[in-house]
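Asker: Dropping in protein.csv, with CSV, C-alpha atoms.
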chain,number,residue,atom,x,y,z
I,1,MET,CA,0.0,0.0,0.0
I,2,PRO,CA,1.5,3.4,-1.0
I,3,SER,CA,2.0,5.9,1.8
I,4,LEU,CA,1.4,9.7,1.6
I,5,ALA,CA,3.3,11.8,4.1
I,6,ASP,CA,3.7,15.6,4.6
I,7,SER,CA,6.9,17.5,5.3
I,8,PHE,CA,6.5,16.8,9.1
I,9,ASN,CA,6.3,13.0,8.5
I,10,ARG,CA,2.6,12.8,9.3
I,11,SER,CA,0.9,10.0,7.3
I,12,ILE,CA,-2.1,11.4,5.4
I,13,SER,CA,-4.7,8.7,4.9
I,14,TYR,CA,-8.0,10.5,5.4
I,15,MET,CA,-10.0,12.8,3.0
I,16,ARG,CA,-13.1,14.7,4.1
I,17,ILE,CA,-15.3,15.6,1.1
I,18,SER,CA,-18.0,18.3,1.1
I,19,VAL,CA,-20.6,17.1,-1.3
I,20,THR,CA,-22.7,20.3,-1.0
I,21,ASP,CA,-22.7,23.7,0.6
I,22,ARG,CA,-26.4,23.5,1.3
I,23,CYS,CA,-28.0,22.6,4.6
I,24,ASN,CA,-31.5,22.1,5.9
I,25,LEU,CA,-30.6,23.8,9.2
I,26,ARG,CA,-29.3,27.2,10.1
I,27,CYS,CA,-27.5,26.6,13.4
I,28,PHE,CA,-26.5,30.0,15.0
I,29,TYR,CA,-22.9,29.0,15.6
I,30,CYS,CA,-22.5,28.0,11.9
I,31,ALA,CA,-24.4,30.4,9.7
I,32,THR,CA,-26.8,33.2,10.7
I,33,LYS,CA,-26.9,35.4,7.6
I,34,LEU,CA,-28.6,34.8,4.3
I,35,THR,CA,-26.1,33.2,2.0
I,36,THR,CA,-25.6,32.7,-1.7
I,37,HIS,CA,-25.0,29.1,-2.5
I,38,LEU,CA,-22.9,27.6,-5.3
I,39,ALA,CA,-24.5,27.2,-8.7
I,40,HIS,CA,-25.0,23.6,-9.7
I,41,SER,CA,-22.4,23.9,-12.4
I,42,ASP,CA,-19.8,25.0,-9.8
I,43,ILE,CA,-20.2,21.9,-7.6
I,44,PHE,CA,-18.2,18.8,-8.3
I,45,SER,CA,-20.2,16.0,-9.9
I,46,TYR,CA,-20.2,12.6,-8.4
I,47,GLU,CA,-17.9,11.3,-11.2
I,48,GLU,CA,-15.5,14.2,-10.6
I,49,ILE,CA,-15.4,13.3,-6.9
I,50,ARG,CA,-14.7,9.7,-7.8
I,51,ARG,CA,-11.8,10.7,-10.0
I,52,VAL,CA,-10.2,12.7,-7.2
I,53,VAL,CA,-10.7,9.8,-4.8
I,54,GLN,CA,-9.3,7.3,-7.3
I,55,ALA,CA,-6.1,9.5,-7.5
I,56,ALA,CA,-6.0,9.9,-3.7
I,57,SER,CA,-6.4,6.2,-3.1
I,58,GLU,CA,-3.5,5.4,-5.3
I,59,LEU,CA,-1.4,7.7,-3.0
I,60,GLY,CA,-2.5,5.9,0.1
I,61,ILE,CA,-5.7,7.7,1.2
I,62,ASN,CA,-8.1,5.0,2.3
I,63,HIS,CA,-10.7,6.7,4.5
I,64,ILE,CA,-13.3,8.9,2.9
I,65,ARG,CA,-15.8,10.9,5.0
I,66,LEU,CA,-18.7,12.7,3.3
I,67,THR,CA,-19.8,16.0,4.8
I,68,GLY,CA,-21.6,19.2,3.7
I,69,GLY,CA,-23.4,21.5,4.4
I,70,GLU,CA,-25.7,18.5,4.9
I,71,PRO,CA,-24.7,15.7,2.6
I,72,LEU,CA,-28.2,14.1,2.7
I,73,VAL,CA,-29.8,17.1,1.0
I,74,ARG,CA,-27.9,16.3,-2.2
I,75,PRO,CA,-30.0,14.0,-4.4
I,76,ASP,CA,-29.1,10.3,-4.5
I,77,VAL,CA,-26.0,10.6,-2.4
I,78,SER,CA,-26.1,6.9,-1.9
I,79,ALA,CA,-25.0,6.6,-5.5
I,80,LEU,CA,-21.8,8.5,-4.6
I,81,VAL,CA,-21.3,6.2,-1.6
I,82,ARG,CA,-21.5,3.3,-3.9
I,83,LEU,CA,-19.1,4.8,-6.4
I,84,LEU,CA,-16.5,5.6,-3.8
I,85,SER,CA,-16.9,2.2,-2.0
I,86,GLU,CA,-15.9,0.5,-5.2
I,87,VAL,CA,-12.6,2.5,-5.7
I,88,GLU,CA,-9.7,0.2,-5.1
I,89,GLY,CA,-7.8,1.1,-2.0
I,90,VAL,CA,-10.7,2.8,-0.2
I,91,GLU,CA,-11.3,0.8,3.0
I,92,GLU,CA,-14.1,2.9,4.5
I,93,VAL,CA,-16.7,5.5,3.4
I,94,SER,CA,-18.3,7.3,6.3
I,95,MET,CA,-20.5,10.3,6.7
I,96,THR,CA,-21.3,13.2,9.1
I,97,SER,CA,-24.9,14.3,9.0
I,98,ASN,CA,-27.4,16.3,11.1
I,99,GLY,CA,-29.7,13.2,10.8
I,100,ILE,CA,-32.9,15.0,9.7
I,101,LEU,CA,-33.2,13.0,6.5
I,102,LEU,CA,-31.5,9.9,7.8
I,103,GLU,CA,-34.5,7.8,8.8
I,104,SER,CA,-35.6,7.3,5.2
I,105,GLN,CA,-32.1,6.9,3.7
I,106,ALA,CA,-30.2,4.8,6.3
I,107,SER,CA,-31.0,1.4,4.8
I,108,GLU,CA,-30.1,2.5,1.3
I,109,LEU,CA,-26.8,4.1,2.5
I,110,LYS,CA,-25.9,1.0,4.3
I,111,SER,CA,-26.6,-1.1,1.2
I,112,ALA,CA,-24.5,1.3,-0.9
I,113,GLY,CA,-21.5,0.7,1.3
I,114,LEU,CA,-21.6,3.3,4.0
I,115,LYS,CA,-19.8,2.0,7.0
I,116,ARG,CA,-20.5,4.5,9.8
I,117,ILE,CA,-22.1,7.8,10.5
I,118,ASN,CA,-21.6,10.6,12.9
I,119,ILE,CA,-24.7,12.6,13.8
I,120,SER,CA,-24.8,16.2,15.1
I,121,LEU,CA,-27.0,16.8,18.1
I,122,ASP,CA,-26.6,19.7,20.6
I,123,THR,CA,-29.7,19.4,22.7
I,124,PHE,CA,-32.5,17.1,23.8
I,125,LYS,CA,-35.0,20.0,24.3
I,126,PRO,CA,-37.3,20.7,21.4
I,127,GLN,CA,-37.6,24.5,22.0
I,128,LYS,CA,-33.8,24.8,22.4
I,129,PHE,CA,-33.3,22.8,19.3
I,130,GLN,CA,-35.3,25.3,17.3
I,131,GLU,CA,-33.5,28.2,18.9
I,132,ILE,CA,-30.1,26.7,18.0
I,133,CYS,CA,-30.9,25.2,14.6
I,134,GLY,CA,-33.7,27.3,13.3
I,135,PHE,CA,-36.2,24.5,12.8
I,136,ASP,CA,-38.3,22.1,14.9
I,137,LYS,CA,-36.6,18.9,13.8
I,138,LEU,CA,-35.4,17.2,17.0
I,139,GLU,CA,-37.7,14.2,16.6
I,140,SER,CA,-36.4,13.7,13.0
I,141,VAL,CA,-32.8,13.6,14.3
I,142,LEU,CA,-33.7,11.1,17.1
I,143,ALA,CA,-35.5,8.9,14.6
I,144,GLY,CA,-32.4,9.1,12.3
I,145,ILE,CA,-30.1,8.0,15.1
I,146,GLU,CA,-32.3,5.0,15.8
I,147,ALA,CA,-32.5,4.1,12.1
I,148,ALA,CA,-28.7,4.3,11.8
I,149,LYS,CA,-28.3,1.8,14.7
I,150,ARG,CA,-31.0,-0.4,13.3
I,151,VAL,CA,-29.4,-0.9,9.9
I,152,GLY,CA,-25.9,-1.4,11.4
I,153,LEU,CA,-24.1,1.9,10.8
I,154,GLU,CA,-22.2,1.3,14.0
I,155,PRO,CA,-20.7,2.8,16.0
I,156,VAL,CA,-23.1,5.8,15.6
I,157,LYS,CA,-21.2,8.7,17.1
I,158,ILE,CA,-23.1,11.7,18.4
I,159,ASN,CA,-21.3,15.0,18.0
I,160,THR,CA,-22.3,17.7,20.5
I,161,VAL,CA,-20.9,21.2,20.3
I,162,VAL,CA,-21.0,22.7,23.8
I,163,ILE,CA,-21.4,26.5,24.0
I,164,ARG,CA,-21.4,28.2,27.3
I,165,GLY,CA,-24.8,29.6,28.2
I,166,TYR,CA,-26.7,27.8,25.5
I,167,ASN,CA,-26.5,24.0,26.1
I,168,ASP,CA,-23.9,23.5,28.8
I,169,ASP,CA,-26.8,22.7,31.1
I,170,GLU,CA,-27.3,19.4,29.2
I,171,ILE,CA,-23.7,18.1,29.5
I,172,LEU,CA,-24.9,15.6,32.1
I,173,ASP,CA,-27.8,14.5,30.0
I,174,PHE,CA,-25.5,13.6,27.1
I,175,ALA,CA,-23.0,11.9,29.4
I,176,ARG,CA,-25.8,9.9,30.9
I,177,LYS,CA,-26.7,8.6,27.4
I,178,SER,CA,-23.3,6.7,27.4
I,179,LEU,CA,-24.7,4.5,30.1
I,180,GLU,CA,-27.4,3.5,27.6
I,181,GLY,CA,-24.8,2.6,24.9
I,182,TRP,CA,-24.5,6.0,23.1
I,183,HIS,CA,-21.1,7.2,21.9
I,184,VAL,CA,-21.1,10.9,22.7
I,185,ARG,CA,-18.4,13.2,21.6
I,186,PHE,CA,-18.2,16.7,23.2
I,187,ILE,CA,-16.7,19.1,20.6
I,188,GLU,CA,-15.1,22.4,21.5
I,189,TYR,CA,-16.7,25.3,19.5
I,190,MET,CA,-14.5,26.8,16.9
I,191,PRO,CA,-15.4,30.4,15.9
I,192,ILE,CA,-15.2,30.0,12.2
I,193,GLY,CA,-16.9,32.3,9.7
I,194,GLU,CA,-19.9,34.4,10.6
I,195,GLY,CA,-21.6,32.1,13.2
I,196,ASP,CA,-22.9,33.7,16.4
I,197,ALA,CA,-21.8,32.1,19.6
I,198,ASP,CA,-20.6,35.0,21.6
I,199,LYS,CA,-20.9,33.2,24.9
I,200,GLY,CA,-17.9,31.2,23.9
I,201,SER,CA,-16.7,27.7,23.9
I,202,MET,CA,-16.0,25.3,26.8
I,203,SER,CA,-12.8,23.3,26.9
I,204,PRO,CA,-12.7,19.5,27.2
I,205,GLN,CA,-11.2,20.0,30.7
I,206,GLU,CA,-14.2,22.0,31.9
I,207,ILE,CA,-16.7,19.5,30.4
I,208,ARG,CA,-14.9,16.6,31.9
I,209,LYS,CA,-14.7,18.2,35.3
I,210,ILE,CA,-18.5,18.7,35.3
I,211,ILE,CA,-19.1,15.0,34.4
I,212,GLU,CA,-16.7,13.7,37.0
I,213,GLU,CA,-18.0,15.9,39.8
I,214,ASN,CA,-21.6,14.6,39.1
I,215,PHE,CA,-20.9,11.0,38.2
I,216,ALA,CA,-17.5,9.4,38.7
I,217,PRO,CA,-14.0,9.7,37.5
I,218,LEU,CA,-13.8,8.7,33.8
I,219,GLU,CA,-12.0,5.6,32.8
I,220,ALA,CA,-9.7,5.5,29.8
I,221,GLY,CA,-11.5,4.1,26.8
I,222,HIS,CA,-10.3,2.4,23.7
I,223,PRO,CA,-10.5,4.5,20.5
I,224,LEU,CA,-13.6,3.7,18.4
I,225,THR,CA,-13.4,2.7,14.8
I,226,GLY,CA,-12.3,5.7,12.7
I,227,ASN,CA,-9.5,8.1,12.1
I,228,GLY,CA,-10.6,11.1,14.1
I,229,PRO,CA,-8.9,13.0,16.8
I,230,ALA,CA,-11.2,12.3,19.8
I,231,ARG,CA,-9.9,11.1,23.1
I,232,TYR,CA,-12.3,8.4,24.5
I,233,PHE,CA,-13.3,7.6,28.1
I,234,ARG,CA,-16.1,5.7,29.8
I,235,LEU,CA,-18.1,6.1,32.9
I,236,PRO,CA,-17.8,3.0,35.1
I,237,GLY,CA,-20.1,0.3,33.8
I,238,ALA,CA,-21.1,2.2,30.7
I,239,SER,CA,-21.6,0.3,27.4
I,240,GLY,CA,-21.1,3.5,25.5
I,241,SER,CA,-18.3,6.1,25.5
I,242,ILE,CA,-17.6,9.7,26.1
I,243,GLY,CA,-15.2,11.5,23.7
I,244,PHE,CA,-13.6,14.9,23.7
I,245,ILE,CA,-12.4,16.9,20.7
I,246,GLY,CA,-10.6,20.1,21.7
I,247,ALA,CA,-9.5,21.6,18.3
I,248,LEU,CA,-8.4,24.8,20.0
I,249,SER,CA,-7.4,24.2,23.6
I,250,GLU,CA,-6.1,20.7,23.0
I,251,HIS,CA,-5.3,20.8,19.3
I,252,PHE,CA,-4.3,17.7,17.5
I,253,CYS,CA,-2.2,19.2,14.7
I,254,GLU,CA,0.8,17.0,15.4
I,255,THR,CA,-1.2,13.9,14.5
I,256,CYS,CA,-3.4,15.4,11.7
I,257,ASN,CA,-3.9,12.8,9.0
I,258,ARG,CA,-6.4,14.6,6.7
I,259,ILE,CA,-7.0,16.9,3.8
I,260,ARG,CA,-10.4,18.4,2.7
I,261,LEU,CA,-12.1,18.6,-0.6
I,262,THR,CA,-14.7,21.4,-0.9
I,263,ALA,CA,-17.9,21.2,-2.8
I,264,ASP,CA,-16.6,23.4,-5.5
I,265,GLY,CA,-13.5,21.3,-6.1
I,266,HIS,CA,-10.7,22.9,-4.0
I,267,LEU,CA,-8.4,20.8,-1.9
I,268,ARG,CA,-7.4,22.3,1.5
I,269,PRO,CA,-4.5,21.1,3.6
I,270,CYS,CA,-6.1,22.5,6.8
I,271,LEU,CA,-9.6,23.3,8.1
I,272,LEU,CA,-8.3,26.5,9.8
I,273,SER,CA,-6.5,28.0,6.9
I,274,ASP,CA,-7.8,29.6,3.6
I,275,GLU,CA,-5.0,28.0,1.6
I,276,GLU,CA,-6.3,25.6,-1.1
I,277,ILE,CA,-5.5,24.2,-4.5
I,278,ASP,CA,-8.0,24.2,-7.4
I,279,LEU,CA,-8.7,20.7,-8.7
I,280,LYS,CA,-11.8,21.5,-10.6
I,281,THR,CA,-10.2,23.6,-13.4
I,282,PRO,CA,-7.5,21.2,-14.3
I,283,LEU,CA,-9.9,18.2,-14.0
I,284,ARG,CA,-12.4,19.8,-16.3
I,285,ASN,CA,-9.6,20.8,-18.7
I,286,GLY,CA,-8.7,17.1,-19.1
I,287,ALA,CA,-6.1,16.4,-16.4
I,288,ASP,CA,-5.4,12.7,-16.0
I,289,LEU,CA,-4.9,10.8,-12.8
I,290,GLU,CA,-1.1,11.5,-12.7
I,291,GLU,CA,-1.8,15.2,-12.8
I,292,MET,CA,-4.4,14.9,-10.1
I,293,LYS,CA,-2.0,12.9,-7.9
I,294,GLN,CA,0.6,15.6,-8.3
I,295,LEU,CA,-1.9,18.3,-7.2
I,296,ILE,CA,-2.8,16.2,-4.1
I,297,ARG,CA,0.9,15.8,-3.3
I,298,GLU,CA,1.3,19.6,-3.6
I,299,THR,CA,-1.6,20.1,-1.2
I,300,VAL,CA,-0.1,17.7,1.3
I,301,ALA,CA,3.3,19.4,1.0
I,302,ARG,CA,1.6,22.7,2.1
I,303,LYS,CA,0.4,21.3,5.4
I,304,ARG,CA,1.9,23.3,8.2
I,305,ASP,CA,3.0,22.0,11.5
I,306,GLY,CA,-0.1,23.5,13.2
I,307,HIS,CA,-3.0,25.9,12.6
I,308,HIS,CA,-1.2,29.0,13.9
I,309,LEU,CA,-4.5,30.8,14.8
I,310,GLU,CA,-2.6,33.0,17.2
I,311,GLU,CA,-0.8,34.5,14.2
I,312,ALA,CA,-3.5,34.9,11.6
I,313,ALA,CA,-7.2,35.6,11.2
I,314,LEU,CA,-9.7,32.7,11.2
I,315,PRO,CA,-10.7,31.3,7.8
I,316,ARG,CA,-13.0,33.6,5.7
I,317,LYS,CA,-15.1,30.7,4.6
I,318,GLN,CA,-17.8,29.3,6.9
I,319,MET,CA,-17.9,25.8,8.1
I,320,TRP,CA,-20.7,24.8,5.7
I,321,GLN,CA,-18.6,26.0,2.8
I,322,ILE,CA,-15.4,24.2,3.9
I,323,GLY,CA,-17.0,20.8,4.8
I,324,GLY,CA,-16.3,20.6,8.6
Transcribe the structure of this file into structure tokens.

Answerer:
Amino acid sequence: MPSLADSFNRSISYMRISVTDRCNLRCFYCATKLTTHLAHSDIFSYEEIRRVVQAASELGINHIRLTGGEPLVRPDVSALVRLLSEVEGVEEVSMTSNGILLESQASELKSAGLKRINISLDTFKPQKFQEICGFDKLESVLAGIEAAKRVGLEPVKINTVVIRGYNDDEILDFARKSLEGWHVRFIEYMPIGEGDADKGSMSPQEIRKIIEENFAPLEAGHPLTGNGPARYFRLPGASGSIGFIGALSEHFCETCNRIRLTADGHLRPCLLSDEEIDLKTPLRNGADLEEMKQLIRETVARKRDGHHLEEAALPRKQMWQIGG
């Protein structure tokens, strides 16, 4: 198996792909203003995405995660899952979703080759869900979670962005779910783009302290399937897990193994940087696989040792444009 490494000797094996910049929610920490979305002609087709993944897999990238916006709003996304699952060298295709459309699509996605899914959920309270996300869709998300478990998209990981003053009063409710077998990951809020979360983020240390003061000391847990940066723990006797992702206070740059493909065909070496390489123009001008592979190598070569947010402004693009 070929191996792709950056100039800091980090092995790059993971590509996150934004299949659309559209979303059926408007979470206040992600996007609050009216936005102009990409024209259909500007978005990579499924076949173009497959060509990039084919080139990437020949370099050693074997894990593909589909994101958005919200990937399930793009028509027939299971067809893309099937295309990518059939690429030689791709060991796993997974997805991050808000879960709203998942109940009706879970079985088809599983049949197409999707291995796992992460689902975003920040509150169990219907009114608060509407305040945070802009729509009354909590029951749809919960139904999507159950559908994912039912068809075997396991382990289903629940991503919870904790924002002080908004949903920090539910930390214990989410932690308690791990006793029922849920795999909950608390994610530190990242102030990217024009989202509105002026109350600020909470660090993993703060969240862990709240959990341990109310339950018990967390036990070290084994990493779940996947290539992500979460650190996993368990409450005593829990069948599920509690994970922490502290992209700012406990950043994981030294072990970063990923690159990101935006919906409009640009490859980015880092989430927290505006640097990117255009793949769409050369691909549509007839670039072959070897040329694509060289552009991927160039992107990987541009990965820095860390995000250096203390030296530069946050990315101009919003999370739904980048494919977080």

Asker: Expressed in Å to a single decimal, how great is the separation between CA of Lys115 (chain I) and CA of Glu154 (chain I)?

Answerer: 7.4 Å

Asker: Near Val90 (chain I), counting all atoms listed in the file, which residues have an atom at most 7 Å away, once you skip same-chain residues fewer than 4 positions from it, shown as a list in words?

Answerer: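 Those residues are Ser57, Asn62, His63 and Ser85 of chain I.
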
Asker: Would you output that residue set with C-alpha atoms, as a short mmCIF file (atom, residue, chain, number, x, y, z; two decimals), in the frame of the given file?

Answerer:
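To be explicit, this is the file written out as result06.cif:
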data_model
loop_
_atom_site.label_atom_id
_atom_site.label_comp_id
_atom_site.auth_asym_id
_atom_site.auth_seq_id
_atom_site.Cartn_x
_atom_site.Cartn_y
_atom_site.Cartn_z
CA SER I 57 -6.40 6.20 -3.10
CA ASN I 62 -8.10 5.00 2.30
CA HIS I 63 -10.70 6.70 4.50
CA SER I 85 -16.90 2.20 -2.00
#

Asker: What is the distance between CA of Lys125 (chain I) and CA of Thr160 (chain I), in Å to one decimal?

Answerer: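 CA of Thr160 (chain I) lies 13.5 Å from CA of Lys125 (chain I).
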
Asker: May I ask which of the residues I:Ala143, I:Val77, I:Cys30, I:Leu59 is the closest one to Glu47 (chain I), counting only C-alpha atoms?

Answerer: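 Of I:Ala143, I:Val77, I:Cys30, I:Leu59, the one nearest Glu47 (chain I) is I:Val77, counting only C-alpha atoms.
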
Asker: Enter the distance from CA of Gly240 (chain I) to CA of Leu121 (chain I), in Å, rounded to one decimal.

Answerer: 16.3 Å

Asker: Which is closer to Val19 (chain I) than all the others in I:Ala147, I:Met95, I:Val161, I:Leu114, using all atoms listed in the file?

Answerer: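 Going through I:Ala147, I:Met95, I:Val161, I:Leu114 one by one, the smallest distance to Val19 (chain I) is for I:Met95.
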
Asker: Could you name the residues that touch Arg22 (chain I) at 8 Å or less, counting all atoms listed in the file, but leaving out those on the same chain fewer than 3 positions away, as an mmCIF file with C-alpha atoms, keeping the file's coordinate frame?

Answerer:
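Printed below is out_36.cif as written:
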data_model
loop_
_atom_site.group_PDB
_atom_site.id
_atom_site.type_symbol
_atom_site.label_atom_id
_atom_site.label_comp_id
_atom_site.auth_asym_id
_atom_site.auth_seq_id
_atom_site.Cartn_x
_atom_site.Cartn_y
_atom_site.Cartn_z
ATOM 1 C CA HIS I 37 -25.000 29.100 -2.500
ATOM 2 C CA GLY I 68 -21.600 19.200 3.700
ATOM 3 C CA GLY I 69 -23.400 21.500 4.400
ATOM 4 C CA GLU I 70 -25.700 18.500 4.900
ATOM 5 C CA VAL I 73 -29.800 17.100 1.000
ATOM 6 C CA TRP I 320 -20.700 24.800 5.700
#

Asker: Given the choices I:Leu261, I:Tyr14, I:Glu48, I:Ile210, which gets closest to Asn285 (chain I) if the distance is worked out from only C-alpha atoms?

Answerer: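 The shortest atom-to-atom distance to Asn285 (chain I) comes from I:Glu48.
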
Asker: What lies within 10 Å of Val87 (chain I) using only C-alpha atoms, ignoring chain neighbours under 4 positions off, as a list in words?

Answerer: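 Here the answer would be Arg50, Arg51, Val53, Gln54, Ala55, Ser57, Glu58, Asn62, Arg82, Leu83 and Glu91 of chain I.
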
Asker: Using C-alpha atoms, can you export the residues from the last selection as an mmCIF file, in the coordinates of the input?

Answerer:
data_model
loop_
_atom_site.group_PDB
_atom_site.id
_atom_site.type_symbol
_atom_site.label_atom_id
_atom_site.label_comp_id
_atom_site.auth_asym_id
_atom_site.auth_seq_id
_atom_site.Cartn_x
_atom_site.Cartn_y
_atom_site.Cartn_z
ATOM 1 C CA ARG I 50 -14.700 9.700 -7.800
ATOM 2 C CA ARG I 51 -11.800 10.700 -10.000
ATOM 3 C CA VAL I 53 -10.700 9.800 -4.800
ATOM 4 C CA GLN I 54 -9.300 7.300 -7.300
ATOM 5 C CA ALA I 55 -6.100 9.500 -7.500
ATOM 6 C CA SER I 57 -6.400 6.200 -3.100
ATOM 7 C CA GLU I 58 -3.500 5.400 -5.300
ATOM 8 C CA ASN I 62 -8.100 5.000 2.300
ATOM 9 C CA ARG I 82 -21.500 3.300 -3.900
ATOM 10 C CA LEU I 83 -19.100 4.800 -6.400
ATOM 11 C CA GLU I 91 -11.300 0.800 3.000
#

Asker: Counting only C-alpha atoms, figure out which residue out of I:His266, I:Ser11, I:Ala148, I:Pro2 gets nearest to Ala301 (chain I).

Answerer: I:Ser11

Asker: Ranking I:Ala175, I:Ser241, I:Pro71, I:Gly99 by minimum distance to Cys23 (chain I) and counting only C-alpha atoms, which one comes first?

Answerer: I:Pro71

Asker: Ranking I:Ile12, I:Arg234, I:Val52, I:Phe244 by minimum distance to Glu291 (chain I) and counting all atoms listed in the file, which one comes first?

Answerer: I:Val52

Asker: Identify the residues within 9 Å of coordinate (-23.2, 22.6, 26.4) (same frame as the file), considering only C-alpha atoms, and give the answer as a PyMOL selection string.

Answerer: chain I and resi 122-123+160-171+186+201-202+207

Asker: May I have the protein, DNA and RNA residues with any atom at most 12 Å from the point (-32.6, 12.2, -3.1), counting all atoms listed in the file, written as a PyMOL selection string?

Answerer: chain I and resi 71-80+101-102+104-105+108-109

Asker: Give me a file of those residues, with C-alpha atoms, as a PDB file, in the frame of the given file.

Answerer:
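Below is the file that was written, part01.pdb:
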ATOM      1  CA  PRO I  71     -24.700  15.700   2.600  1.00  0.00           C
ATOM      2  CA  LEU I  72     -28.200  14.100   2.700  1.00  0.00           C
ATOM      3  CA  VAL I  73     -29.800  17.100   1.000  1.00  0.00           C
ATOM      4  CA  ARG I  74     -27.900  16.300  -2.200  1.00  0.00           C
ATOM      5  CA  PRO I  75     -30.000  14.000  -4.400  1.00  0.00           C
ATOM      6  CA  ASP I  76     -29.100  10.300  -4.500  1.00  0.00           C
ATOM      7  CA  VAL I  77     -26.000  10.600  -2.400  1.00  0.00           C
ATOM      8  CA  SER I  78     -26.100   6.900  -1.900  1.00  0.00           C
ATOM      9  CA  ALA I  79     -25.000   6.600  -5.500  1.00  0.00           C
ATOM     10  CA  LEU I  80     -21.800   8.500  -4.600  1.00  0.00           C
ATOM     11  CA  LEU I 101     -33.200  13.000   6.500  1.00  0.00           C
ATOM     12  CA  LEU I 102     -31.500   9.900   7.800  1.00  0.00           C
ATOM     13  CA  SER I 104     -35.600   7.300   5.200  1.00  0.00           C
ATOM     14  CA  GLN I 105     -32.100   6.900   3.700  1.00  0.00           C
ATOM     15  CA  GLU I 108     -30.100   2.500   1.300  1.00  0.00           C
ATOM     16  CA  LEU I 109     -26.800   4.100   2.500  1.00  0.00           C
TER      17      LEU I 109
END
